[in-house]
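Everything below belongs to my_file21.cif, which stores mmCIF, C-alpha atoms and all ligand atoms.
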```cif
data_final
#
loop_
_atom_site.group_PDB
_atom_site.id
_atom_site.type_symbol
_atom_site.label_atom_id
_atom_site.label_comp_id
_atom_site.auth_asym_id
_atom_site.auth_seq_id
_atom_site.Cartn_x
_atom_site.Cartn_y
_atom_site.Cartn_z
ATOM 1 C CA MET A 1 62.935 -17.070 13.740
ATOM 2 C CA GLY A 2 62.177 -13.331 13.760
ATOM 3 C CA THR A 3 64.231 -12.490 16.873
ATOM 4 C CA ILE A 4 67.781 -12.542 18.221
ATOM 5 C CA THR A 5 67.306 -14.664 21.341
ATOM 6 C CA PRO A 6 64.548 -16.821 22.853
ATOM 7 C CA SER A 7 62.110 -15.071 25.196
ATOM 8 C CA SER A 8 63.518 -14.383 28.655
ATOM 9 C CA ARG A 9 61.938 -16.125 31.624
ATOM 10 C CA PHE A 10 60.508 -12.748 32.594
ATOM 11 C CA LEU A 11 58.703 -12.366 29.267
ATOM 12 C CA SER A 12 57.663 -16.035 29.260
ATOM 13 C CA LYS A 13 56.099 -15.657 32.712
ATOM 14 C CA LYS A 14 54.337 -12.444 31.752
ATOM 15 C CA MET A 15 52.921 -14.090 28.612
ATOM 16 C CA ILE A 16 51.055 -16.608 30.753
ATOM 17 C CA ARG A 17 50.332 -14.409 33.785
ATOM 18 C CA LYS A 18 46.660 -13.864 32.948
ATOM 19 C CA ILE A 19 45.844 -17.434 31.996
ATOM 20 C CA ASP A 20 43.316 -18.982 34.348
ATOM 21 C CA PHE A 21 44.848 -22.453 34.501
ATOM 22 C CA THR A 22 42.005 -23.707 36.694
ATOM 23 C CA LYS A 23 39.607 -23.246 33.759
ATOM 24 C CA ALA A 24 41.844 -23.652 30.693
ATOM 25 C CA ALA A 25 41.208 -27.042 29.097
ATOM 26 C CA VAL A 26 42.795 -26.416 25.695
ATOM 27 C CA ILE A 27 45.662 -24.012 25.038
ATOM 28 C CA VAL A 28 47.264 -23.491 21.636
ATOM 29 C CA GLU A 29 50.758 -22.087 21.204
ATOM 30 C CA PHE A 30 51.940 -20.647 17.877
ATOM 31 C CA GLY A 31 55.692 -20.560 17.210
ATOM 32 C CA PRO A 32 56.982 -22.287 20.371
ATOM 33 C CA GLY A 33 60.568 -22.347 19.032
ATOM 34 C CA ASN A 34 62.808 -24.086 21.544
ATOM 35 C CA GLY A 35 60.070 -24.012 24.170
ATOM 36 C CA ALA A 36 60.898 -20.894 26.199
ATOM 37 C CA ILE A 37 57.202 -20.186 26.853
ATOM 38 C CA THR A 38 56.001 -23.763 26.326
ATOM 39 C CA LYS A 39 57.823 -25.001 29.428
ATOM 40 C CA HIS A 40 56.127 -22.410 31.623
ATOM 41 C CA ILE A 41 52.714 -23.328 30.215
ATOM 42 C CA LEU A 42 53.330 -27.042 30.796
ATOM 43 C CA LYS A 43 54.405 -26.395 34.384
ATOM 44 C CA ASN A 44 51.074 -24.720 35.103
ATOM 45 C CA LEU A 45 48.639 -26.871 33.095
ATOM 46 C CA SER A 46 45.932 -28.547 35.121
ATOM 47 C CA PRO A 47 46.095 -32.369 34.936
ATOM 48 C CA LYS A 48 43.362 -32.805 32.299
ATOM 49 C CA ALA A 49 44.290 -29.847 30.121
ATOM 50 C CA ILE A 50 46.264 -30.051 26.888
ATOM 51 C CA LEU A 51 48.678 -27.792 25.048
ATOM 52 C CA ILE A 52 48.813 -27.939 21.256
ATOM 53 C CA CYS A 53 51.868 -26.339 19.656
ATOM 54 C CA PHE A 54 52.135 -25.292 16.006
ATOM 55 C CA GLU A 55 55.738 -25.049 14.791
ATOM 56 C CA ILE A 56 57.002 -25.026 11.202
ATOM 57 C CA ASN A 57 60.713 -25.341 11.934
ATOM 58 C CA ASP A 58 61.875 -28.948 11.749
ATOM 59 C CA ASN A 59 64.530 -28.660 14.498
ATOM 60 C CA PHE A 60 62.195 -26.985 16.966
ATOM 61 C CA TYR A 61 59.441 -29.453 16.128
ATOM 62 C CA HIS A 62 61.723 -32.381 17.030
ATOM 63 C CA GLN A 63 63.024 -30.673 20.183
ATOM 64 C CA LEU A 64 59.471 -30.248 21.438
ATOM 65 C CA LYS A 65 58.491 -33.816 20.505
ATOM 66 C CA ALA A 66 61.522 -34.990 22.496
ATOM 67 C CA LEU A 67 59.995 -33.518 25.654
ATOM 68 C CA LYS A 68 57.500 -36.421 25.463
ATOM 69 C CA HIS A 69 55.161 -34.549 27.760
ATOM 70 C CA PRO A 70 51.845 -36.426 28.049
ATOM 71 C CA GLN A 71 49.786 -33.219 27.836
ATOM 72 C CA LEU A 72 51.661 -31.777 24.862
ATOM 73 C CA ILE A 73 50.658 -32.243 21.216
ATOM 74 C CA VAL A 74 53.161 -30.880 18.705
ATOM 75 C CA VAL A 75 51.865 -30.179 15.205
ATOM 76 C CA LYS A 76 54.231 -29.482 12.336
ATOM 77 C CA ALA A 77 52.025 -27.055 10.460
ATOM 78 C CA SER A 78 51.703 -23.358 9.925
ATOM 79 C CA ALA A 79 49.445 -21.452 12.312
ATOM 80 C CA GLU A 80 46.819 -20.612 9.688
ATOM 81 C CA LYS A 81 46.033 -24.342 9.452
ATOM 82 C CA ILE A 82 44.710 -24.274 13.012
ATOM 83 C CA GLU A 83 41.100 -25.182 12.184
ATOM 84 C CA GLU A 84 41.857 -28.218 10.037
ATOM 85 C CA GLU A 85 44.607 -29.456 12.366
ATOM 86 C CA LEU A 86 42.362 -29.173 15.436
ATOM 87 C CA LYS A 87 39.572 -30.978 13.585
ATOM 88 C CA LYS A 88 41.933 -33.951 13.061
ATOM 89 C CA ILE A 89 42.134 -34.344 16.850
ATOM 90 C CA ASN A 90 38.437 -33.625 17.413
ATOM 91 C CA ILE A 91 38.867 -30.186 18.930
ATOM 92 C CA THR A 92 36.707 -27.289 17.801
ATOM 93 C CA LYS A 93 37.207 -24.658 20.516
ATOM 94 C CA VAL A 94 40.205 -23.487 22.532
ATOM 95 C CA ASN A 95 40.528 -21.269 25.615
ATOM 96 C CA TYR A 96 43.780 -19.475 24.822
ATOM 97 C CA VAL A 97 46.061 -18.913 21.847
ATOM 98 C CA ILE A 98 49.582 -17.902 22.928
ATOM 99 C CA SER A 99 51.541 -16.555 19.994
ATOM 100 C CA SER A 100 55.117 -15.473 19.520
ATOM 101 C CA LEU A 101 54.845 -15.526 15.741
ATOM 102 C CA PRO A 102 56.813 -12.793 13.997
ATOM 103 C CA LEU A 103 53.531 -11.409 12.603
ATOM 104 C CA THR A 104 55.085 -8.294 11.094
ATOM 105 C CA ILE A 105 57.370 -10.325 8.812
ATOM 106 C CA ILE A 106 54.770 -12.914 7.823
ATOM 107 C CA PRO A 107 52.983 -11.871 4.579
ATOM 108 C CA ASP A 108 49.779 -9.900 5.335
ATOM 109 C CA MET A 109 47.520 -12.417 3.655
ATOM 110 C CA ILE A 110 48.767 -15.187 5.946
ATOM 111 C CA SER A 111 49.009 -13.163 9.166
ATOM 112 C CA ASN A 112 45.447 -11.866 8.660
ATOM 113 C CA GLU A 113 44.285 -15.421 8.118
ATOM 114 C CA ILE A 114 46.063 -16.492 11.343
ATOM 115 C CA LEU A 115 44.271 -13.787 13.345
ATOM 116 C CA ARG A 116 40.873 -14.476 11.749
ATOM 117 C CA LYS A 117 41.109 -18.232 12.326
ATOM 118 C CA SER A 118 42.386 -17.748 15.887
ATOM 119 C CA TYR A 119 39.353 -15.588 16.614
ATOM 120 C CA GLN A 120 37.081 -18.266 15.186
ATOM 121 C CA VAL A 121 38.485 -21.160 17.212
ATOM 122 C CA LEU A 122 38.543 -19.257 20.523
ATOM 123 C CA ASP A 123 35.589 -20.008 22.758
ATOM 124 C CA CYS A 124 33.342 -17.095 23.745
ATOM 125 C CA GLN A 125 35.563 -16.129 26.699
ATOM 126 C CA GLY A 126 38.826 -16.990 24.936
ATOM 127 C CA THR A 127 41.956 -14.845 24.746
ATOM 128 C CA PHE A 128 44.654 -14.410 22.112
ATOM 129 C CA ILE A 129 47.987 -13.396 23.683
ATOM 130 C CA GLN A 130 50.803 -12.092 21.472
ATOM 131 C CA TYR A 131 54.104 -10.359 22.117
ATOM 132 C CA GLN A 132 55.634 -7.823 19.768
ATOM 133 C CA TYR A 133 58.620 -5.495 19.929
ATOM 134 C CA SER A 134 56.632 -2.428 18.913
ATOM 135 C CA LEU A 135 53.075 -1.111 18.886
ATOM 136 C CA THR A 136 52.776 -1.097 15.101
ATOM 137 C CA TYR A 137 50.555 -4.152 15.090
ATOM 138 C CA TYR A 138 47.943 -2.694 17.432
ATOM 139 C CA ASN A 139 45.521 -1.568 14.697
ATOM 140 C CA THR A 140 45.667 -4.884 12.871
ATOM 141 C CA LEU A 141 44.772 -6.711 16.078
ATOM 142 C CA LYS A 142 42.045 -4.179 16.739
ATOM 143 C CA ASN A 143 40.470 -4.953 13.352
ATOM 144 C CA VAL A 144 39.863 -8.490 14.566
ATOM 145 C CA PHE A 145 39.449 -8.167 18.344
ATOM 146 C CA ARG A 146 37.950 -4.647 18.346
ATOM 147 C CA GLU A 147 38.106 -2.769 21.678
ATOM 148 C CA SER A 148 38.900 -5.709 23.914
ATOM 149 C CA ILE A 149 42.694 -5.398 23.789
ATOM 150 C CA SER A 150 44.872 -4.633 26.785
ATOM 151 C CA LEU A 151 48.613 -4.021 26.789
ATOM 152 C CA ASP A 152 51.427 -5.086 29.049
ATOM 153 C CA PHE A 153 55.190 -4.482 28.770
ATOM 154 C CA GLN A 154 58.279 -6.464 29.748
ATOM 155 C CA MET A 155 61.508 -4.531 29.964
ATOM 156 C CA LEU A 156 63.564 -7.587 30.926
ATOM 157 C CA ASN A 157 63.820 -9.133 27.488
ATOM 158 C CA LEU A 158 66.085 -8.637 24.502
ATOM 159 C CA PRO A 159 64.546 -6.575 22.999
ATOM 160 C CA PRO A 160 61.919 -5.385 25.521
ATOM 161 C CA ALA A 161 58.464 -6.523 24.448
ATOM 162 C CA PHE A 162 54.826 -5.458 24.467
ATOM 163 C CA ILE A 163 52.264 -8.106 25.300
ATOM 164 C CA TYR A 164 48.804 -7.857 23.786
ATOM 165 C CA HIS A 165 45.870 -9.547 25.505
ATOM 166 C CA CYS A 166 43.050 -9.757 22.983
ATOM 167 C CA LYS A 167 39.846 -11.018 24.493
ATOM 168 C CA LYS A 168 37.051 -12.429 22.390
ATOM 169 C CA VAL A 169 33.823 -10.689 23.258
ATOM 170 C CA GLY A 170 30.477 -12.456 22.927
HETATM 171 C C1 LIG B 1 60.263 -15.324 17.591
HETATM 172 S S1 LIG B 1 60.341 -17.075 17.576
HETATM 173 C C2 LIG B 1 59.629 -17.397 19.159
HETATM 174 C C3 LIG B 1 60.188 -18.631 19.830
HETATM 175 C C4 LIG B 1 59.747 -18.805 21.293
HETATM 176 N N1 LIG B 1 58.322 -18.945 21.411
HETATM 177 C C5 LIG B 1 60.202 -17.646 22.136
HETATM 178 O O1 LIG B 1 59.357 -16.817 22.517
HETATM 179 O O2 LIG B 1 61.400 -17.594 22.424
HETATM 180 C C6 LIG B 1 59.076 -17.454 16.393
HETATM 181 C C7 LIG B 1 58.807 -18.922 16.132
HETATM 182 O O3 LIG B 1 57.685 -19.009 15.262
HETATM 183 C C8 LIG B 1 57.894 -20.056 14.321
HETATM 184 N N2 LIG B 1 57.031 -19.753 13.176
HETATM 185 C C9 LIG B 1 57.220 -18.772 12.240
HETATM 186 N N3 LIG B 1 56.179 -18.748 11.382
HETATM 187 C C10 LIG B 1 55.307 -19.717 11.802
HETATM 188 C C11 LIG B 1 54.030 -20.164 11.340
HETATM 189 N N4 LIG B 1 53.457 -19.600 10.271
HETATM 190 N N5 LIG B 1 53.408 -21.153 12.019
HETATM 191 C C12 LIG B 1 53.981 -21.727 13.117
HETATM 192 N N6 LIG B 1 55.198 -21.358 13.593
HETATM 193 C C13 LIG B 1 55.853 -20.367 12.940
HETATM 194 C C14 LIG B 1 59.399 -19.994 14.052
HETATM 195 O O4 LIG B 1 59.877 -21.202 13.513
HETATM 196 C C15 LIG B 1 59.927 -19.699 15.458
HETATM 197 O O5 LIG B 1 60.156 -20.873 16.167
#
```

What's the structure tokens form of this structure?
Ligand SMILES: C[S@@+](CC[C@H](N)C(=O)[O-])C[C@H]1O[C@@H](n2cnc3c(N)ncnc32)[C@H](O)[C@@H]1O
Amino acid sequence: MGTITPSSRFLSKKMIRKIDFTKAAVIVEFGPGNGAITKHILKNLSPKAILICFEINDNFYHQLKALKHPQLIVVKASAEKIEEELKKINITKVNYVISSLPLTIIPDMISNEILRKSYQVLDCQGTFIQYQYSLTYYNTLKNVFRESISLDFQMLNLPPAFIYHCKKVG
């Protein structure tokens, strides 16, 4: 899973703090796990919006399916398949990608592909939000999202986490 425990409710809330739920029609979540962040997103979704989760772990996939939430689509596929999987459900653009993928332990070729494809599917005002336990990934994110990255921090998590907000410009 890439961590010791699921995200705390403090981190989960901070991950979604900057989402404008009044405007977000399509949100993608990468690596929802047992749904620590997912549940907070679902609670705030506007009635016509949808959340599409990408999870590769069989157990987590079934746990999320069992929620049977009408606005939740759970896809059992790796995050770099985002474009083809969205195409299958006739979606080309998304407003937010919320990721808790363990990017630093995913092979570079795949993690770079995940970032590149995320950038491509975000609409022109879209944001990629990712937490990490250190700042080592900052430059990699900067290669894709350039200067439009802001940082947040949540102490109340095990371990404490940095939150990157990477806004697509133009
Ligand atoms: C650190 S856990 C985060 C779980 C939960 N979102 C949280 O914050 O507590 C990472 C999750 O990413 C999933 N994962 C890892 N690689 C993935 C990939 N390439 N595509 C989709 N999910 C992946 C793992 O199965 C795991 O559920």

Closest atom pairs, chain A residues within 9 Å of ligand LIG 1 (chain B), all atoms listed in the file, as a Markdown table:
```
| residue | atom | partner | partner_atom | distance |
| --- | --- | --- | --- | --- |
| A:Met1 | CA | B:LIG1 | C15 | 4.3 |
| A:Gly2 | CA | B:LIG1 | C1 | 4.7 |
| A:Thr3 | CA | B:LIG1 | C1 | 4.9 |
| A:Ile4 | CA | B:LIG1 | C1 | 8.0 |
| A:Thr5 | CA | B:LIG1 | O2 | 6.7 |
| A:Pro6 | CA | B:LIG1 | O2 | 3.3 |
| A:Ser7 | CA | B:LIG1 | O2 | 3.8 |
| A:Ser8 | CA | B:LIG1 | O2 | 7.3 |
| A:Leu11 | CA | B:LIG1 | O1 | 8.1 |
| A:Ser12 | CA | B:LIG1 | O1 | 7.0 |
| A:Glu29 | CA | B:LIG1 | N1 | 8.2 |
| A:Phe30 | CA | B:LIG1 | C12 | 5.3 |
| A:Gly31 | CA | B:LIG1 | O3 | 3.2 |
| A:Pro32 | CA | B:LIG1 | N1 | 3.7 |
| A:Gly33 | CA | B:LIG1 | O5 | 3.2 |
| A:Asn34 | CA | B:LIG1 | C4 | 6.1 |
| A:Gly35 | CA | B:LIG1 | C4 | 6.0 |
| A:Ala36 | CA | B:LIG1 | O2 | 5.0 |
| A:Ile37 | CA | B:LIG1 | N1 | 5.7 |
| A:Thr38 | CA | B:LIG1 | N1 | 7.3 |
| A:Cys53 | CA | B:LIG1 | C12 | 8.3 |
| A:Phe54 | CA | B:LIG1 | C12 | 4.9 |
| A:Glu55 | CA | B:LIG1 | N6 | 3.9 |
| A:Ile56 | CA | B:LIG1 | N6 | 4.7 |
| A:Asn57 | CA | B:LIG1 | O4 | 4.5 |
| A:Asp58 | CA | B:LIG1 | O4 | 8.2 |
| A:Asn59 | CA | B:LIG1 | O4 | 8.8 |
| A:Phe60 | CA | B:LIG1 | O5 | 6.5 |
| A:Tyr61 | CA | B:LIG1 | O5 | 8.6 |
| A:Val75 | CA | B:LIG1 | C12 | 9.0 |
| A:Lys76 | CA | B:LIG1 | C12 | 7.8 |
| A:Ala77 | CA | B:LIG1 | N5 | 6.3 |
| A:Ser78 | CA | B:LIG1 | N5 | 3.5 |
| A:Ala79 | CA | B:LIG1 | N5 | 4.0 |
| A:Glu80 | CA | B:LIG1 | N4 | 6.7 |
| A:Lys81 | CA | B:LIG1 | N5 | 8.4 |
| A:Ile98 | CA | B:LIG1 | N1 | 8.9 |
| A:Ser99 | CA | B:LIG1 | N1 | 7.3 |
| A:Ser100 | CA | B:LIG1 | C2 | 4.9 |
| A:Leu101 | CA | B:LIG1 | O3 | 4.5 |
| A:Pro102 | CA | B:LIG1 | C1 | 5.6 |
| A:Leu103 | CA | B:LIG1 | N3 | 7.9 |
| A:Ile105 | CA | B:LIG1 | N3 | 8.9 |
| A:Ile106 | CA | B:LIG1 | N3 | 7.0 |
| A:Ile110 | CA | B:LIG1 | N4 | 7.8 |
| A:Ser111 | CA | B:LIG1 | N4 | 7.9 |
| A:Ile114 | CA | B:LIG1 | N4 | 8.1 |
| A:Tyr131 | CA | B:LIG1 | O1 | 8.3 |
```

**Item:** For Tyr164 in chain A: contacts at 12 Å, all atoms listed in the file, fewer than 3 positions along chain excluded, given as a ChimeraX atom specification
**Value:** /A:14-16,18,97-100,127-142,145,148-154,161,167

**CA of Gln120 in chain A to CA of Thr104 in chain A, distance in Å rounded to a single decimal** =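 These atoms are spaced 21.0 Å apart.
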
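Note on the selection: in this file the PyMOL selection byres (((chain A and resi 71) around 8) and not hetatm) comes out as A:Leu42, A:Lys48, A:Ala49, A:Ile50, A:Leu51, A:His69, A:Pro70, A:Leu72, A:Ile73.
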
**Asked** Of the candidates A:Glu113, A:Lys13, A:Ile89, A:Ile19, which one gets nearest to Asn157 in chain A if we count only C-alpha atoms?
**Response**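 Closest to Asn157 in chain A of all the choices is A:Lys13.
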
Where atoms are absent from range 11-43 of chain A, fill them in so it carries N, CA and C atoms, then output it as a PDB file, in the frame of the given file.
```pdb
ATOM      1  N   LEU A  11      59.740 -12.515  30.298  1.00  0.00           N
ATOM      2  CA  LEU A  11      58.703 -12.366  29.267  1.00  0.00           C
ATOM      3  C   LEU A  11      57.812 -13.617  29.224  1.00  0.00           C
ATOM      4  N   SER A  12      58.439 -14.788  29.309  1.00  0.00           N
ATOM      5  CA  SER A  12      57.663 -16.035  29.260  1.00  0.00           C
ATOM      6  C   SER A  12      56.620 -16.052  30.370  1.00  0.00           C
ATOM      7  N   LYS A  13      57.038 -15.649  31.572  1.00  0.00           N
ATOM      8  CA  LYS A  13      56.099 -15.657  32.712  1.00  0.00           C
ATOM      9  C   LYS A  13      54.996 -14.623  32.507  1.00  0.00           C
ATOM     10  N   LYS A  14      55.356 -13.474  31.957  1.00  0.00           N
ATOM     11  CA  LYS A  14      54.337 -12.444  31.752  1.00  0.00           C
ATOM     12  C   LYS A  14      53.343 -12.859  30.664  1.00  0.00           C
ATOM     13  N   MET A  15      53.815 -13.622  29.687  1.00  0.00           N
ATOM     14  CA  MET A  15      52.921 -14.090  28.612  1.00  0.00           C
ATOM     15  C   MET A  15      51.799 -14.966  29.163  1.00  0.00           C
ATOM     16  N   ILE A  16      52.079 -15.662  30.266  1.00  0.00           N
ATOM     17  CA  ILE A  16      51.055 -16.608  30.753  1.00  0.00           C
ATOM     18  C   ILE A  16      50.394 -16.133  32.054  1.00  0.00           C
ATOM     19  N   ARG A  17      50.772 -14.931  32.490  1.00  0.00           N
ATOM     20  CA  ARG A  17      50.332 -14.409  33.785  1.00  0.00           C
ATOM     21  C   ARG A  17      48.807 -14.364  33.936  1.00  0.00           C
ATOM     22  N   LYS A  18      48.120 -14.045  32.830  1.00  0.00           N
ATOM     23  CA  LYS A  18      46.660 -13.864  32.948  1.00  0.00           C
ATOM     24  C   LYS A  18      45.875 -15.119  32.579  1.00  0.00           C
ATOM     25  N   ILE A  19      46.574 -16.200  32.330  1.00  0.00           N
ATOM     26  CA  ILE A  19      45.844 -17.434  31.996  1.00  0.00           C
ATOM     27  C   ILE A  19      45.242 -18.016  33.276  1.00  0.00           C
ATOM     28  N   ASP A  20      43.958 -18.324  33.212  1.00  0.00           N
ATOM     29  CA  ASP A  20      43.316 -18.982  34.348  1.00  0.00           C
ATOM     30  C   ASP A  20      43.473 -20.497  34.147  1.00  0.00           C
ATOM     31  N   PHE A  21      44.542 -21.038  34.728  1.00  0.00           N
ATOM     32  CA  PHE A  21      44.848 -22.453  34.501  1.00  0.00           C
ATOM     33  C   PHE A  21      43.826 -23.381  35.164  1.00  0.00           C
ATOM     34  N   THR A  22      43.022 -22.848  36.073  1.00  0.00           N
ATOM     35  CA  THR A  22      42.005 -23.707  36.694  1.00  0.00           C
ATOM     36  C   THR A  22      40.868 -23.979  35.709  1.00  0.00           C
ATOM     37  N   LYS A  23      40.713 -23.086  34.723  1.00  0.00           N
ATOM     38  CA  LYS A  23      39.607 -23.246  33.759  1.00  0.00           C
ATOM     39  C   LYS A  23      40.079 -23.627  32.355  1.00  0.00           C
ATOM     40  N   ALA A  24      41.358 -23.419  32.059  1.00  0.00           N
ATOM     41  CA  ALA A  24      41.844 -23.652  30.693  1.00  0.00           C
ATOM     42  C   ALA A  24      41.965 -25.149  30.402  1.00  0.00           C
ATOM     43  N   ALA A  25      41.157 -25.617  29.457  1.00  0.00           N
ATOM     44  CA  ALA A  25      41.208 -27.042  29.097  1.00  0.00           C
ATOM     45  C   ALA A  25      42.068 -27.262  27.855  1.00  0.00           C
ATOM     46  N   VAL A  26      42.003 -26.302  26.932  1.00  0.00           N
ATOM     47  CA  VAL A  26      42.795 -26.416  25.695  1.00  0.00           C
ATOM     48  C   VAL A  26      43.521 -25.095  25.431  1.00  0.00           C
ATOM     49  N   ILE A  27      44.841 -25.187  25.358  1.00  0.00           N
ATOM     50  CA  ILE A  27      45.662 -24.012  25.038  1.00  0.00           C
ATOM     51  C   ILE A  27      46.438 -24.320  23.763  1.00  0.00           C
ATOM     52  N   VAL A  28      46.477 -23.340  22.870  1.00  0.00           N
ATOM     53  CA  VAL A  28      47.264 -23.491  21.636  1.00  0.00           C
ATOM     54  C   VAL A  28      48.443 -22.530  21.723  1.00  0.00           C
ATOM     55  N   GLU A  29      49.617 -22.998  21.304  1.00  0.00           N
ATOM     56  CA  GLU A  29      50.758 -22.087  21.204  1.00  0.00           C
ATOM     57  C   GLU A  29      51.238 -22.050  19.760  1.00  0.00           C
ATOM     58  N   PHE A  30      51.397 -20.841  19.225  1.00  0.00           N
ATOM     59  CA  PHE A  30      51.940 -20.647  17.877  1.00  0.00           C
ATOM     60  C   PHE A  30      53.412 -20.249  17.984  1.00  0.00           C
ATOM     61  N   GLY A  31      54.271 -20.928  17.242  1.00  0.00           N
ATOM     62  CA  GLY A  31      55.692 -20.560  17.210  1.00  0.00           C
ATOM     63  C   GLY A  31      56.406 -20.808  18.523  1.00  0.00           C
ATOM     64  N   PRO A  32      56.332 -22.017  19.080  1.00  0.00           N
ATOM     65  CA  PRO A  32      56.982 -22.287  20.371  1.00  0.00           C
ATOM     66  C   PRO A  32      58.507 -22.223  20.312  1.00  0.00           C
ATOM     67  N   GLY A  33      59.099 -22.377  19.131  1.00  0.00           N
ATOM     68  CA  GLY A  33      60.568 -22.347  19.032  1.00  0.00           C
ATOM     69  C   GLY A  33      61.170 -23.432  19.893  1.00  0.00           C
ATOM     70  N   ASN A  34      62.169 -23.065  20.700  1.00  0.00           N
ATOM     71  CA  ASN A  34      62.808 -24.086  21.544  1.00  0.00           C
ATOM     72  C   ASN A  34      62.086 -24.284  22.883  1.00  0.00           C
ATOM     73  N   GLY A  35      60.910 -23.703  23.012  1.00  0.00           N
ATOM     74  CA  GLY A  35      60.070 -24.012  24.170  1.00  0.00           C
ATOM     75  C   GLY A  35      60.179 -23.054  25.342  1.00  0.00           C
ATOM     76  N   ALA A  36      60.712 -21.860  25.103  1.00  0.00           N
ATOM     77  CA  ALA A  36      60.898 -20.894  26.199  1.00  0.00           C
ATOM     78  C   ALA A  36      59.582 -20.640  26.950  1.00  0.00           C
ATOM     79  N   ILE A  37      58.507 -20.445  26.211  1.00  0.00           N
ATOM     80  CA  ILE A  37      57.202 -20.186  26.853  1.00  0.00           C
ATOM     81  C   ILE A  37      56.481 -21.512  27.136  1.00  0.00           C
ATOM     82  N   THR A  38      56.648 -22.435  26.220  1.00  0.00           N
ATOM     83  CA  THR A  38      56.001 -23.763  26.326  1.00  0.00           C
ATOM     84  C   THR A  38      56.229 -24.396  27.701  1.00  0.00           C
ATOM     85  N   LYS A  39      57.482 -24.334  28.157  1.00  0.00           N
ATOM     86  CA  LYS A  39      57.823 -25.001  29.428  1.00  0.00           C
ATOM     87  C   LYS A  39      57.070 -24.376  30.600  1.00  0.00           C
ATOM     88  N   HIS A  40      56.879 -23.074  30.549  1.00  0.00           N
ATOM     89  CA  HIS A  40      56.127 -22.410  31.623  1.00  0.00           C
ATOM     90  C   HIS A  40      54.648 -22.793  31.555  1.00  0.00           C
ATOM     91  N   ILE A  41      54.128 -22.922  30.340  1.00  0.00           N
ATOM     92  CA  ILE A  41      52.714 -23.328  30.215  1.00  0.00           C
ATOM     93  C   ILE A  41      52.550 -24.745  30.764  1.00  0.00           C
ATOM     94  N   LEU A  42      53.444 -25.638  30.355  1.00  0.00           N
ATOM     95  CA  LEU A  42      53.330 -27.042  30.796  1.00  0.00           C
ATOM     96  C   LEU A  42      53.402 -27.169  32.319  1.00  0.00           C
ATOM     97  N   LYS A  43      54.244 -26.343  32.925  1.00  0.00           N
ATOM     98  CA  LYS A  43      54.405 -26.395  34.384  1.00  0.00           C
ATOM     99  C   LYS A  43      53.108 -26.039  35.104  1.00  0.00           C
TER     100      LYS A  43
END
```
